[in-house]
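Below is run-v6.txt, holding compact mmCIF, C-alpha atoms and all ligand atoms.
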```txt
# COMPACT_ATOMS: atom_id res chain seq x y z
CA MET A 1472 -12.64 -18.09 45.40
CA LYS A 1473 -11.82 -19.00 41.82
CA GLU A 1474 -10.41 -22.41 41.21
CA THR A 1475 -10.32 -24.56 38.18
CA ILE A 1476 -10.56 -28.16 39.13
CA GLN A 1477 -10.61 -30.99 36.69
CA THR A 1478 -14.19 -32.21 36.25
CA PRO A 1479 -16.03 -34.37 37.02
CA TYR A 1480 -16.24 -34.15 40.77
CA PHE A 1481 -18.71 -34.16 43.64
CA VAL A 1482 -18.98 -31.26 46.06
CA ILE A 1483 -20.48 -31.54 49.53
CA GLU A 1484 -21.48 -28.20 50.99
CA GLU A 1485 -20.74 -28.54 54.66
CA PRO A 1486 -23.06 -25.74 55.89
CA ILE A 1487 -26.02 -27.39 54.19
CA LEU A 1488 -25.14 -30.77 55.67
CA GLN A 1489 -24.87 -29.16 59.09
CA ARG A 1490 -28.22 -27.44 58.56
CA TYR A 1491 -29.89 -30.77 57.80
CA TYR A 1492 -28.32 -32.50 60.78
CA ASP A 1493 -29.41 -29.65 63.05
CA MET A 1494 -32.88 -29.65 61.53
CA LEU A 1495 -33.28 -33.35 62.30
CA GLU A 1496 -31.98 -33.02 65.85
CA GLU A 1497 -34.22 -30.05 66.49
CA ALA A 1498 -37.27 -31.88 65.10
CA LEU A 1499 -36.51 -34.91 67.28
CA CYS A 1500 -35.66 -32.88 70.34
CA SER A 1501 -38.84 -30.86 70.28
CA ASN A 1502 -41.13 -33.80 69.59
CA TRP A 1503 -39.56 -36.87 71.22
CA ASN A 1504 -36.67 -35.94 73.42
CA ASN A 1505 -35.23 -39.44 73.68
CA TYR A 1506 -33.77 -40.41 70.38
CA GLN A 1507 -30.84 -41.80 68.51
CA ILE A 1508 -29.83 -41.02 64.94
CA GLY A 1509 -28.32 -43.93 63.02
CA TYR A 1510 -26.85 -42.85 59.72
CA SER A 1511 -27.53 -45.28 56.87
CA PHE A 1512 -24.12 -46.33 55.56
CA LYS A 1513 -25.40 -47.80 52.34
CA THR A 1514 -26.76 -44.43 51.22
CA ASN A 1515 -23.27 -42.93 51.08
CA SER A 1516 -20.40 -44.21 53.17
CA LEU A 1517 -17.79 -41.68 52.06
CA PRO A 1518 -15.32 -41.66 54.96
CA TRP A 1519 -15.42 -37.90 55.41
CA LEU A 1520 -19.20 -37.95 55.63
CA VAL A 1521 -19.36 -40.87 58.01
CA SER A 1522 -16.83 -39.28 60.30
CA TYR A 1523 -18.62 -35.92 60.17
CA LEU A 1524 -21.87 -37.51 61.31
CA LYS A 1525 -20.11 -39.64 63.91
CA LYS A 1526 -18.65 -36.54 65.52
CA ARG A 1527 -22.16 -35.17 65.88
CA GLY A 1528 -23.37 -38.25 67.70
CA ALA A 1529 -24.84 -40.40 64.95
CA PHE A 1530 -24.52 -44.17 65.19
CA ALA A 1531 -23.65 -46.31 62.18
CA GLU A 1532 -26.64 -48.06 60.63
CA VAL A 1533 -25.15 -50.99 58.72
CA VAL A 1534 -26.63 -53.82 56.67
CA SER A 1535 -23.74 -56.15 55.91
CA ASP A 1536 -20.56 -57.52 57.37
CA ASP A 1537 -18.52 -55.21 55.13
CA GLU A 1538 -20.43 -52.15 56.27
CA TYR A 1539 -20.00 -53.29 59.85
CA SER A 1540 -16.23 -53.61 59.29
CA LEU A 1541 -16.12 -50.16 57.73
CA ALA A 1542 -17.96 -48.71 60.71
CA ARG A 1543 -15.46 -50.30 63.08
CA TYR A 1544 -12.62 -49.08 60.88
CA MET A 1545 -14.05 -45.57 61.08
CA GLY A 1546 -14.01 -45.75 64.86
CA PHE A 1547 -17.58 -46.68 65.79
CA ARG A 1548 -17.69 -48.97 68.83
CA ASP A 1549 -19.91 -52.03 68.76
CA ASP A 1550 -22.40 -50.24 70.98
CA GLU A 1551 -22.59 -47.42 68.42
CA ILE A 1552 -23.80 -49.77 65.70
CA ILE A 1553 -27.33 -50.43 64.52
CA TYR A 1554 -27.19 -53.73 62.70
CA ASN A 1555 -30.01 -54.34 60.22
CA GLY A 1556 -30.89 -56.19 57.09
CA PRO A 1557 -31.00 -59.77 55.84
CA TYR A 1558 -27.27 -60.27 55.31
CA LYS A 1559 -25.47 -59.98 58.62
CA GLY A 1560 -22.34 -61.93 59.50
CA GLU A 1561 -22.53 -64.22 62.52
CA ALA A 1562 -19.30 -63.00 64.15
CA SER A 1563 -20.27 -59.32 63.84
CA PHE A 1564 -23.83 -60.15 64.93
CA ARG A 1565 -22.40 -61.64 68.12
CA SER A 1566 -19.98 -58.76 68.73
CA VAL A 1567 -22.67 -56.12 68.47
CA LEU A 1568 -25.06 -58.01 70.73
CA LEU A 1569 -22.39 -58.76 73.33
CA ALA A 1570 -21.44 -55.09 73.45
CA GLY A 1571 -25.04 -53.93 73.84
CA GLY A 1572 -25.36 -52.47 70.35
CA ILE A 1573 -28.59 -52.63 68.44
CA VAL A 1574 -29.42 -55.67 66.36
CA ASN A 1575 -32.73 -55.90 64.58
CA LEU A 1576 -33.43 -59.52 63.74
CA ASP A 1577 -34.46 -60.16 60.17
CA SER A 1578 -34.69 -63.96 59.83
CA MET A 1579 -35.05 -67.29 61.62
CA GLN A 1580 -31.36 -67.93 60.94
CA GLU A 1581 -30.60 -64.95 63.15
CA VAL A 1582 -32.95 -66.28 65.82
CA ARG A 1583 -30.86 -69.46 65.79
CA TRP A 1584 -27.64 -67.47 66.05
CA LEU A 1585 -29.11 -65.65 69.00
CA SER A 1586 -30.15 -68.91 70.59
CA ASP A 1587 -26.55 -70.19 70.36
CA LEU A 1588 -25.17 -66.95 71.69
CA ALA A 1589 -27.59 -66.69 74.59
CA GLY A 1590 -26.91 -70.36 75.37
CA SER A 1591 -23.20 -69.78 75.63
CA PHE A 1592 -23.62 -66.73 77.90
CA PRO A 1593 -26.36 -67.93 80.24
CA THR A 1594 -25.70 -65.25 82.84
CA LYS A 1595 -25.82 -62.38 80.39
CA ASN A 1596 -29.01 -60.67 79.29
CA PHE A 1597 -29.46 -59.94 75.61
CA ARG A 1598 -31.72 -57.24 74.24
CA VAL A 1599 -32.72 -57.45 70.61
CA GLY A 1600 -35.02 -55.78 68.16
CA ILE A 1601 -37.20 -57.47 65.63
CA ARG A 1602 -38.03 -56.22 62.19
CA ALA A 1603 -41.71 -56.30 61.39
CA ASN A 1604 -42.89 -56.93 57.86
CA PHE A 1605 -46.40 -55.57 57.47
CA ASN A 1606 -48.83 -54.44 54.83
CA LEU A 1607 -48.02 -50.77 54.61
CA GLU A 1608 -49.44 -50.65 51.10
CA GLN A 1609 -52.90 -51.34 52.51
CA MET A 1610 -52.51 -48.39 54.88
CA CYS A 1611 -51.10 -46.10 52.18
CA PRO A 1612 -52.37 -47.31 48.81
CA GLY A 1613 -50.03 -46.62 45.91
CA GLU A 1614 -47.30 -45.15 48.07
CA THR A 1615 -44.98 -48.03 48.87
CA THR A 1616 -42.21 -49.60 46.80
CA MET A 1617 -43.33 -53.13 47.64
CA GLY A 1618 -46.80 -52.43 46.22
CA GLU A 1619 -49.43 -55.13 46.25
CA LEU A 1620 -46.89 -57.90 46.68
CA SER A 1621 -45.03 -58.02 49.99
CA GLY A 1622 -41.86 -56.58 51.37
CA ARG A 1623 -38.92 -58.98 51.53
CA PHE A 1624 -37.62 -58.08 54.96
CA GLY A 1625 -38.33 -59.08 58.51
CA PHE A 1626 -41.06 -61.20 60.07
CA CYS A 1627 -44.49 -60.96 58.51
CA TYR A 1628 -47.22 -59.77 60.84
CA GLU A 1629 -50.18 -60.80 58.70
CA THR A 1630 -49.05 -64.41 58.21
CA GLY A 1631 -48.26 -64.95 61.89
CA LYS A 1632 -44.49 -65.24 61.41
CA PHE A 1633 -43.94 -62.22 63.61
CA ALA A 1634 -46.02 -63.80 66.39
CA SER A 1635 -44.20 -67.12 66.15
CA ALA A 1636 -40.74 -65.53 66.15
CA LEU A 1637 -41.75 -63.55 69.20
CA GLU A 1638 -42.93 -66.69 70.93
CA ILE A 1639 -39.60 -68.40 70.28
CA LEU A 1640 -37.64 -65.39 71.53
CA ARG A 1641 -39.74 -65.12 74.65
CA ALA A 1642 -38.90 -68.68 75.54
CA PHE A 1643 -35.18 -67.84 75.86
CA PRO A 1644 -34.55 -67.12 79.54
CA ASN A 1645 -31.94 -64.41 78.98
CA VAL A 1646 -33.28 -62.63 75.89
CA SER A 1647 -35.71 -59.76 75.81
CA VAL A 1648 -37.33 -58.20 72.79
CA ALA A 1649 -36.53 -54.59 73.47
CA GLY A 1650 -37.11 -53.01 70.10
CA LEU A 1651 -39.20 -52.91 66.98
CA HIS A 1652 -37.77 -52.09 63.59
CA LEU A 1653 -40.24 -50.84 61.03
CA HIS A 1654 -38.19 -49.47 58.15
CA SER A 1655 -40.22 -49.55 54.95
CA SER A 1656 -39.31 -47.88 51.71
CA SER A 1657 -41.90 -45.82 49.93
CA LYS A 1658 -42.16 -43.99 46.66
CA SER A 1659 -43.95 -41.08 48.28
CA ARG A 1660 -41.81 -40.61 51.43
CA SER A 1661 -44.94 -38.88 52.74
CA VAL A 1662 -45.78 -37.84 56.26
CA ASN A 1663 -48.68 -40.24 56.01
CA ILE A 1664 -46.27 -43.18 55.51
CA PHE A 1665 -44.64 -42.33 58.83
CA ARG A 1666 -47.97 -41.84 60.55
CA SER A 1667 -48.87 -45.36 59.44
CA ILE A 1668 -45.52 -46.79 60.56
CA ALA A 1669 -45.98 -45.18 63.99
CA ARG A 1670 -49.50 -46.59 64.18
CA MET A 1671 -48.13 -50.01 63.38
CA ALA A 1672 -45.66 -49.68 66.25
CA CYS A 1673 -48.60 -49.02 68.57
CA ARG A 1674 -50.62 -51.88 67.18
CA LEU A 1675 -47.76 -54.37 67.64
CA LYS A 1676 -47.05 -53.15 71.14
CA GLU A 1677 -50.67 -53.52 72.19
CA GLU A 1678 -51.40 -56.77 70.44
CA PHE A 1679 -48.30 -58.53 71.74
CA GLY A 1680 -47.88 -56.74 75.05
CA LEU A 1681 -44.37 -55.60 74.13
CA ASP A 1682 -42.25 -53.68 76.55
CA LEU A 1683 -40.09 -51.65 74.22
CA SER A 1684 -37.05 -49.62 75.03
CA TYR A 1685 -36.88 -48.45 71.42
CA VAL A 1686 -38.96 -48.03 68.31
CA ASP A 1687 -36.84 -47.79 65.19
CA LEU A 1688 -38.71 -46.10 62.34
CA GLY A 1689 -35.92 -46.66 59.82
CA GLY A 1690 -35.16 -44.22 57.02
CA GLY A 1691 -37.01 -43.10 53.95
CA TYR A 1692 -37.63 -39.42 54.73
CA CYS A 1693 -37.62 -36.63 52.17
CA GLY A 1694 -35.15 -33.81 52.46
CA GLY A 1695 -34.26 -30.87 50.29
CA MET A 1696 -36.93 -31.31 47.69
CA GLU A 1697 -39.12 -28.40 46.69
CA GLY A 1698 -42.71 -28.84 47.82
CA ARG A 1699 -41.99 -32.07 49.70
CA PRO A 1700 -41.86 -32.70 53.44
CA GLU A 1701 -38.81 -31.88 55.57
CA TYR A 1702 -37.86 -33.28 58.99
CA PRO A 1703 -40.01 -30.77 60.92
CA ASP A 1704 -43.07 -32.02 59.07
CA TYR A 1705 -42.67 -35.66 60.07
CA PHE A 1706 -41.96 -35.68 63.75
CA PRO A 1707 -44.96 -33.87 65.22
CA VAL A 1708 -47.17 -36.42 63.45
CA ILE A 1709 -45.00 -39.39 64.44
CA ALA A 1710 -44.96 -38.20 68.04
CA GLU A 1711 -48.70 -37.67 68.09
CA GLU A 1712 -49.24 -41.31 67.07
CA LEU A 1713 -46.55 -42.75 69.34
CA HIS A 1714 -47.85 -40.85 72.36
CA ARG A 1715 -50.98 -43.02 72.27
CA CYS A 1716 -49.02 -45.97 73.64
CA PHE A 1717 -45.44 -44.89 74.33
CA THR A 1718 -43.68 -42.25 76.35
CA PRO A 1719 -40.29 -40.72 75.64
CA ASP A 1720 -39.26 -41.70 79.17
CA GLN A 1721 -39.55 -45.37 78.43
CA THR A 1722 -39.07 -45.66 74.72
CA LYS A 1723 -36.32 -44.23 72.58
CA LEU A 1724 -37.09 -43.23 69.02
CA ILE A 1725 -34.46 -44.39 66.54
CA VAL A 1726 -34.28 -42.89 63.08
CA GLU A 1727 -32.05 -44.02 60.25
CA PRO A 1728 -31.84 -41.19 57.75
CA GLY A 1729 -29.91 -41.67 54.56
CA ILE A 1730 -30.76 -39.67 51.48
CA SER A 1731 -32.73 -37.01 53.35
CA MET A 1732 -29.58 -35.98 55.22
CA ILE A 1733 -27.16 -35.73 52.34
CA SER A 1734 -29.03 -35.17 49.14
CA LYS A 1735 -29.41 -31.42 49.29
CA CYS A 1736 -25.80 -30.70 50.23
CA THR A 1737 -24.26 -32.55 47.30
CA THR A 1738 -23.68 -31.54 43.69
CA PHE A 1739 -21.88 -33.19 40.79
CA VAL A 1740 -19.92 -30.94 38.47
CA THR A 1741 -19.44 -32.04 34.88
CA SER A 1742 -18.17 -30.43 31.65
CA VAL A 1743 -19.15 -30.71 28.03
CA PHE A 1744 -16.20 -32.09 26.03
CA ASP A 1745 -17.75 -32.56 22.59
CA THR A 1746 -20.92 -32.07 20.61
CA ARG A 1747 -21.98 -33.99 17.53
CA ASP A 1748 -24.92 -34.08 15.14
CA ILE A 1749 -26.13 -37.46 14.00
CA LYS A 1750 -29.22 -37.75 11.80
CA GLY A 1751 -30.54 -34.47 13.01
CA THR A 1752 -29.92 -35.16 16.72
CA ARG A 1753 -27.49 -33.02 18.68
CA TYR A 1754 -25.55 -35.09 21.23
CA VAL A 1755 -23.79 -33.19 23.98
CA MET A 1756 -21.02 -35.37 25.38
CA THR A 1757 -20.06 -34.74 29.00
CA ASP A 1758 -17.41 -36.09 31.33
CA GLY A 1759 -20.00 -37.15 33.89
CA SER A 1760 -22.08 -40.23 33.39
CA ARG A 1761 -25.52 -41.42 34.25
CA PHE A 1762 -23.68 -44.06 36.29
CA ASN A 1763 -22.41 -41.29 38.56
CA ILE A 1764 -25.75 -39.73 39.40
CA ASP A 1765 -28.40 -42.28 38.47
CA PRO A 1766 -26.70 -45.65 38.77
CA THR A 1767 -29.97 -47.51 39.12
CA MET A 1768 -31.25 -45.87 35.93
CA ILE A 1769 -34.54 -44.79 37.42
CA LYS A 1770 -34.50 -41.02 37.28
CA SER A 1771 -36.67 -39.36 34.67
CA SER A 1772 -35.53 -35.83 35.42
CA HIS A 1773 -32.60 -34.13 37.06
CA LEU A 1774 -32.14 -30.93 39.00
CA PHE A 1775 -29.24 -29.02 37.56
CA HIS A 1776 -27.89 -25.62 36.68
CA LEU A 1777 -25.55 -24.53 33.93
CA GLN A 1778 -22.41 -22.47 33.75
CA TYR A 1779 -21.74 -21.33 30.23
CA VAL A 1780 -18.17 -20.64 29.20
CA PRO A 1781 -18.15 -16.85 29.12
CA ALA A 1782 -16.50 -16.55 25.70
CA ARG A 1783 -19.63 -17.34 23.72
CA SER A 1784 -22.78 -15.43 24.50
CA ASP A 1785 -24.41 -15.41 21.03
CA ARG A 1786 -25.88 -18.84 21.26
CA PRO A 1787 -28.61 -20.16 19.01
CA ILE A 1788 -31.56 -21.82 20.67
CA LEU A 1789 -31.68 -25.50 19.81
CA ALA A 1790 -34.93 -27.46 19.89
CA GLN A 1791 -33.32 -30.60 21.32
CA GLN A 1792 -29.96 -31.51 22.78
CA VAL A 1793 -29.36 -34.95 24.20
CA VAL A 1794 -27.04 -34.49 27.17
CA SER A 1795 -25.05 -37.71 27.47
CA GLY A 1796 -22.33 -39.29 29.54
CA PHE A 1797 -18.80 -40.30 28.60
CA SER A 1798 -19.37 -44.02 28.71
CA CYS A 1799 -19.64 -46.27 25.68
CA MET A 1800 -23.15 -47.41 26.52
CA GLU A 1801 -26.09 -46.09 24.52
CA VAL A 1802 -28.23 -45.85 27.65
CA ASP A 1803 -25.84 -43.30 29.07
CA ARG A 1804 -28.11 -40.43 28.06
CA ILE A 1805 -28.75 -38.18 31.01
CA PHE A 1806 -31.46 -35.75 29.96
CA LEU A 1807 -33.10 -34.07 27.00
CA HIS A 1808 -32.42 -30.34 26.94
CA GLU A 1809 -35.22 -28.64 25.00
CA ASN A 1810 -35.40 -25.16 23.49
CA GLN A 1811 -32.26 -23.99 25.20
CA PRO A 1812 -29.10 -22.19 24.14
CA GLU A 1813 -26.56 -24.38 22.41
CA LEU A 1814 -24.16 -26.13 24.77
CA ILE A 1815 -20.51 -26.14 23.73
CA PRO A 1816 -17.30 -27.72 25.02
CA GLY A 1817 -16.21 -26.18 28.30
CA ASP A 1818 -19.75 -25.49 29.54
CA ARG A 1819 -20.49 -26.93 32.93
CA ILE A 1820 -23.55 -28.87 33.96
CA ILE A 1821 -23.92 -29.05 37.71
CA TYR A 1822 -26.36 -31.63 39.03
CA GLU A 1823 -28.03 -30.95 42.35
CA ASN A 1824 -29.36 -33.21 45.13
CA VAL A 1825 -27.04 -36.07 44.26
CA GLY A 1826 -25.75 -37.14 47.67
CA GLY A 1827 -27.66 -40.37 48.13
CA TYR A 1828 -27.24 -43.67 46.27
CA THR A 1829 -24.72 -42.17 43.86
CA MET A 1830 -21.17 -42.40 45.24
CA SER A 1831 -22.01 -45.65 47.00
CA LEU A 1832 -23.49 -47.24 43.88
CA ASN A 1833 -20.95 -45.97 41.37
CA PRO A 1834 -19.34 -48.67 39.25
CA LEU A 1835 -15.67 -48.67 38.29
CA PHE A 1836 -16.80 -48.65 34.70
CA ILE A 1837 -14.61 -47.03 32.03
CA GLN A 1838 -13.62 -44.19 34.35
CA TYR A 1839 -12.70 -44.68 38.00
CA PHE A 1840 -14.34 -42.93 40.96
CA PRO A 1841 -14.36 -39.14 40.63
CA ALA A 1842 -12.91 -36.84 43.25
CA VAL A 1843 -15.02 -35.48 46.11
CA TYR A 1844 -14.58 -32.02 47.61
CA VAL A 1845 -16.06 -30.42 50.68
CA LYS A 1846 -16.96 -26.75 50.48
CA ASN A 1847 -17.03 -24.56 53.57
CA GLU A 1848 -15.88 -21.11 54.68
CA ASP A 1849 -12.27 -22.15 54.03
CA GLY A 1850 -12.98 -22.95 50.40
CA LEU A 1851 -12.77 -26.33 48.76
CA GLN A 1852 -11.03 -29.22 50.40
CA MET A 1853 -10.47 -32.55 48.66
CA VAL A 1854 -11.78 -35.43 50.76
CA ARG A 1855 -11.40 -38.16 48.18
CA LYS A 1856 -8.94 -38.02 45.34
CA LYS A 1857 -9.90 -39.28 41.95
CA TRP A 1858 -9.16 -42.98 41.69
CA THR A 1859 -6.29 -43.98 39.45
CA PRO A 1860 -5.01 -47.40 38.37
CA GLU A 1861 -3.17 -47.48 41.69
CA GLU A 1862 -6.40 -47.69 43.66
CA TYR A 1863 -8.00 -49.87 41.02
CA VAL A 1864 -5.35 -52.62 41.19
CA GLN A 1865 -5.04 -52.73 44.96
CA GLY A 1866 -5.55 -56.24 46.21
CA SER A 1867 -4.98 -57.74 42.77
CA TYR A 1868 -2.21 -60.17 41.92
CA TRP A 1869 -0.72 -60.92 38.56
CA GLU A 1870 2.47 -62.01 36.91
CA VAL A 1871 4.65 -59.47 35.21
C1 LIG B 1901 -31.91 -47.91 53.10
C2 LIG B 1901 -32.23 -47.92 54.52
C3 LIG B 1901 -32.24 -46.73 55.27
C4 LIG B 1901 -32.02 -45.36 54.65
O1 LIG B 1901 -33.00 -45.08 53.70
P1 LIG B 1901 -33.08 -43.62 53.00
O2 LIG B 1901 -34.17 -43.79 52.02
O3 LIG B 1901 -31.75 -43.38 52.33
O4 LIG B 1901 -33.38 -42.64 54.06
C5 LIG B 1901 -32.47 -46.82 56.62
N1 LIG B 1901 -32.70 -48.01 57.23
C6 LIG B 1901 -32.69 -49.19 56.54
C7 LIG B 1901 -32.94 -50.46 57.25
C8 LIG B 1901 -32.46 -49.18 55.17
O5 LIG B 1901 -32.47 -50.34 54.50
```
Is it possible to express this structure as structure tokens?
Amino acid sequence: MKETIQTPYFVIEEPILQRYYDMLEEALCSNWNNYQIGYSFKTNSLPWLVSYLKKRGAFAEVVSDDEYSLARYMGFRDDEIIYNGPYKGEASFRSVLLAGGIVNLDSMQEVRWLSDLAGSFPTKNFRVGIRANFNLEQMCPGETTMGELSGRFGFCYETGKFASALEILRAFPNVSVAGLHLHSSSKSRSVNIFRSIARMACRLKEEFGLDLSYVDLGGGYCGGMEGRPEYPDYFPVIAEELHRCFTPDQTKLIVEPGISMISKCTTFVTSVFDTRDIKGTRYVMTDGSRFNIDPTMIKSSHLFHLQYVPARSDRPILAQQVVSGFSCMEVDRIFLHENQPELIPGDRIIYENVGGYTMSLNPLFIQYFPAVYVKNEDGLQMVRKKWTPEEYVQGSYWEV
């Protein structure tokens, strides 16, 4: 199917997304056949994607009032929500708890909210989860993002804050601590990280005599990266650890995948629109930006492939080409292309593995949001049109 679509745009390949969803379900099914997938909204909350995962049974894992509202808007019921993070809203916190959805407490403020709620519904039983903050770095030296310092989330085990929160919760007559939340971000996303997280779940259960209906391991898995673990590598190890003190009969395993689910299926298609030589440096200007695919400016390399415009095949090899974005910021340099054929206007650069933390973190800077297409056996289908001033001004007021 030959189509010329105005670049830049994202493409989600539906069969690859389906493959990853199936791979996760299969890995869970065969290792811990009592599970719930909660898709991490912050990683990419494109409506098409969210609805696709919802249809397959995923819950919405949300970390703010706005994400909660989006989940409700997209048709998730309150009992299909996993509510996490330090910045919940009190009204949505209450709604989810009243409906029997999953809330993982992150702060003493939330313990107070729960106390008010439980007080006003004395005949109702509330089941909550509690997020544990623990020294994962000590268990996996050099692998975590928090490093030697501490994580910022949840109740700290080592300082006794976890124990004291638990004590307070246990004093409420109609509240039970039914779940543990152990999400921790790591640089390595290794199997060993998840082994350690599962061990921590066991340690907390034993030390505090918890009776848990769920253990929520959070997100942070790898997916679609050459030489790195995939879902089937994690769950046998996680299950092996959890089996020491849990059984699938009694305890549900909750996972909150984000990037691992959507990275591999997503590409970003850009075109070269100009080249220029300045003081011996060749700049290749493209209509994509680093803000589209690396908005946090942390990537040191990109996976990509090229499509040369067929007209020119006699291309000189250039020692260095600085592939740059369209924006007016100097830092918008995407990668250094070394000892490669000259790139010319019309060539396409297609970035791979760009599904996570790209669309959701894109700024409305200089150019508005690019279009998103889904590719399947029926061809390409637009699931988000490129933003125009019409979308940009919505909700604004001014005098004409
Ligand atoms: C960010 C986050 C996730 C998803 O993380 P990925 O690295 O995208 O898999 C899941 N759970 C919580 C609580 C998070 O903050």
All residues 6 Å or closer to segment 1498-1514 of chain A, only C-alpha atoms, same chain fewer than 4 positions away omitted, as a ChimeraX atom specification:
/A:1529-1533,1703,1707,1719,1723-1729,1827-1828
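Picture a line from atom CA of Thr1478 of chain A to atom CA of Gly1759 of chain A; it runs 8.0 Å.
Residues of protein, DNA or RNA having at least one counted atom within 8 Å of (-21.3, -25.9, 19.6), given all atoms listed in the file, are Thr1746, Glu1813, Leu1814, Ile1815 and Pro1816 of chain A.
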Which residue, A:Pro1518, A:Gly1572, A:Gly1600, A:Pro1787, has the smallest gap to Gly1546 of chain A when you use only C-alpha atoms?
A:Pro1518
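Going from atom O5 of ligand LIG 1901 (chain B) over to atom CA of Arg1527 of chain A, you cover 21.6 Å.
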At a cut-off of 12 Å, using all atoms listed in the file, what residues contact Ala1634 of chain A? Leave out same-chain residues fewer than 4 positions from it and give the result as a PyMOL selection string.
chain A and resi 1601-1604+1625-1630+1638-1641+1675-1676+1678-1681
Quick one: residues within 7 Å of segment 1765-1769 of chain A, all atoms listed in the file, excluding same-chain residues fewer than 6 positions away - as a tab-separated table (two decimals) with C-alpha atoms, in the frame of the given file?
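Saved file around-v1.tsv follows:
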```
chain	number	residue	atom	x	y	z
A	1829	THR	CA	-24.72	-42.17	43.86
A	1832	LEU	CA	-23.49	-47.24	43.88
A	1833	ASN	CA	-20.95	-45.97	41.37
```
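Of the listed residues A:Lys1856, A:Arg1753, A:Lys1846, A:Arg1623, the one whose atoms come nearest to Ser1578 of chain A is A:Arg1623, with distances taken using all atoms listed in the file.
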Shell around Asp1577 of chain A at 12 Å using all atoms listed in the file, local window under 2 positions removed, as a PDB file with C-alpha atoms, in the frame of the given file:
```pdb
ATOM      1  CA  VAL A1534     -26.630 -53.820  56.670  1.00  0.00           C
ATOM      2  CA  TYR A1554     -27.190 -53.730  62.700  1.00  0.00           C
ATOM      3  CA  ASN A1555     -30.010 -54.340  60.220  1.00  0.00           C
ATOM      4  CA  GLY A1556     -30.890 -56.190  57.090  1.00  0.00           C
ATOM      5  CA  PRO A1557     -31.000 -59.770  55.840  1.00  0.00           C
ATOM      6  CA  TYR A1558     -27.270 -60.270  55.310  1.00  0.00           C
ATOM      7  CA  LYS A1559     -25.470 -59.980  58.620  1.00  0.00           C
ATOM      8  CA  PHE A1564     -23.830 -60.150  64.930  1.00  0.00           C
ATOM      9  CA  VAL A1574     -29.420 -55.670  66.360  1.00  0.00           C
ATOM     10  CA  ASN A1575     -32.730 -55.900  64.580  1.00  0.00           C
ATOM     11  CA  MET A1579     -35.050 -67.290  61.620  1.00  0.00           C
ATOM     12  CA  GLN A1580     -31.360 -67.930  60.940  1.00  0.00           C
ATOM     13  CA  GLU A1581     -30.600 -64.950  63.150  1.00  0.00           C
ATOM     14  CA  VAL A1582     -32.950 -66.280  65.820  1.00  0.00           C
ATOM     15  CA  ARG A1583     -30.860 -69.460  65.790  1.00  0.00           C
ATOM     16  CA  TRP A1584     -27.640 -67.470  66.050  1.00  0.00           C
ATOM     17  CA  LEU A1585     -29.110 -65.650  69.000  1.00  0.00           C
ATOM     18  CA  VAL A1599     -32.720 -57.450  70.610  1.00  0.00           C
ATOM     19  CA  GLY A1600     -35.020 -55.780  68.160  1.00  0.00           C
ATOM     20  CA  ILE A1601     -37.200 -57.470  65.630  1.00  0.00           C
ATOM     21  CA  ARG A1602     -38.030 -56.220  62.190  1.00  0.00           C
ATOM     22  CA  ALA A1603     -41.710 -56.300  61.390  1.00  0.00           C
ATOM     23  CA  ASN A1604     -42.890 -56.930  57.860  1.00  0.00           C
ATOM     24  CA  ARG A1623     -38.920 -58.980  51.530  1.00  0.00           C
ATOM     25  CA  PHE A1624     -37.620 -58.080  54.960  1.00  0.00           C
ATOM     26  CA  GLY A1625     -38.330 -59.080  58.510  1.00  0.00           C
ATOM     27  CA  PHE A1626     -41.060 -61.200  60.070  1.00  0.00           C
ATOM     28  CA  CYS A1627     -44.490 -60.960  58.510  1.00  0.00           C
ATOM     29  CA  LYS A1632     -44.490 -65.240  61.410  1.00  0.00           C
ATOM     30  CA  PHE A1633     -43.940 -62.220  63.610  1.00  0.00           C
ATOM     31  CA  ALA A1636     -40.740 -65.530  66.150  1.00  0.00           C
ATOM     32  CA  LEU A1651     -39.200 -52.910  66.980  1.00  0.00           C
ATOM     33  CA  HIS A1652     -37.770 -52.090  63.590  1.00  0.00           C
ATOM     34  CA  LEU A1653     -40.240 -50.840  61.030  1.00  0.00           C
ATOM     35  CA  HIS A1654     -38.190 -49.470  58.150  1.00  0.00           C
TER      36      HIS A1654
END
```
Report as a ChimeraX atom specification all protein, DNA and RNA residues lying within 8 Å of Val1843 of chain A, evaluated on all atoms listed in the file, omitting residues in the same chain fewer than 5 positions from it.
/A:1480-1483,1853-1857
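Taking all atoms listed in the file into account, Tyr1779 of chain A lies nearest to A:Asp1818 out of the set A:Glu1823, A:Glu1712, A:Glu1561, A:Asp1818.
The two atoms in question, atom CA of Ile1733 of chain A and atom CA of Asn1515 of chain A, are spaced 8.3 Å apart.
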Let me know the centre plus edge lengths, in Å and rounded to one decimal, of a box with edges along x, y and z that contains all listed atoms of segment 1623-1642 of chain A and is padded by 5 Å on every side, as lines of an AutoDock Vina configuration file.
```
center_x = -43.9
center_y = -63.4
center_z = 63.5
size_x = 22.6
size_y = 20.6
size_z = 34.0
```
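Comparing the minimum interatomic distances between ligand LIG 1901 (chain B) and each of A:Leu1541, A:Ile1837, A:Ile1730, A:Leu1637, counting only C-alpha atoms and all ligand atoms, we find that A:Ile1730 sits nearest.
Of the listed residues A:Thr1741, A:Ser1540, A:Ser1657, A:Asn1847, the one whose atoms come nearest to Gly1817 of chain A is A:Thr1741, with distances taken using only C-alpha atoms.
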Under the rule that only C-alpha atoms and all ligand atoms are counted, which of A:Leu1576, A:Ile1668, A:Cys1673, A:Cys1693 is the nearest residue to ligand LIG 1901 (chain B)?
A:Cys1693
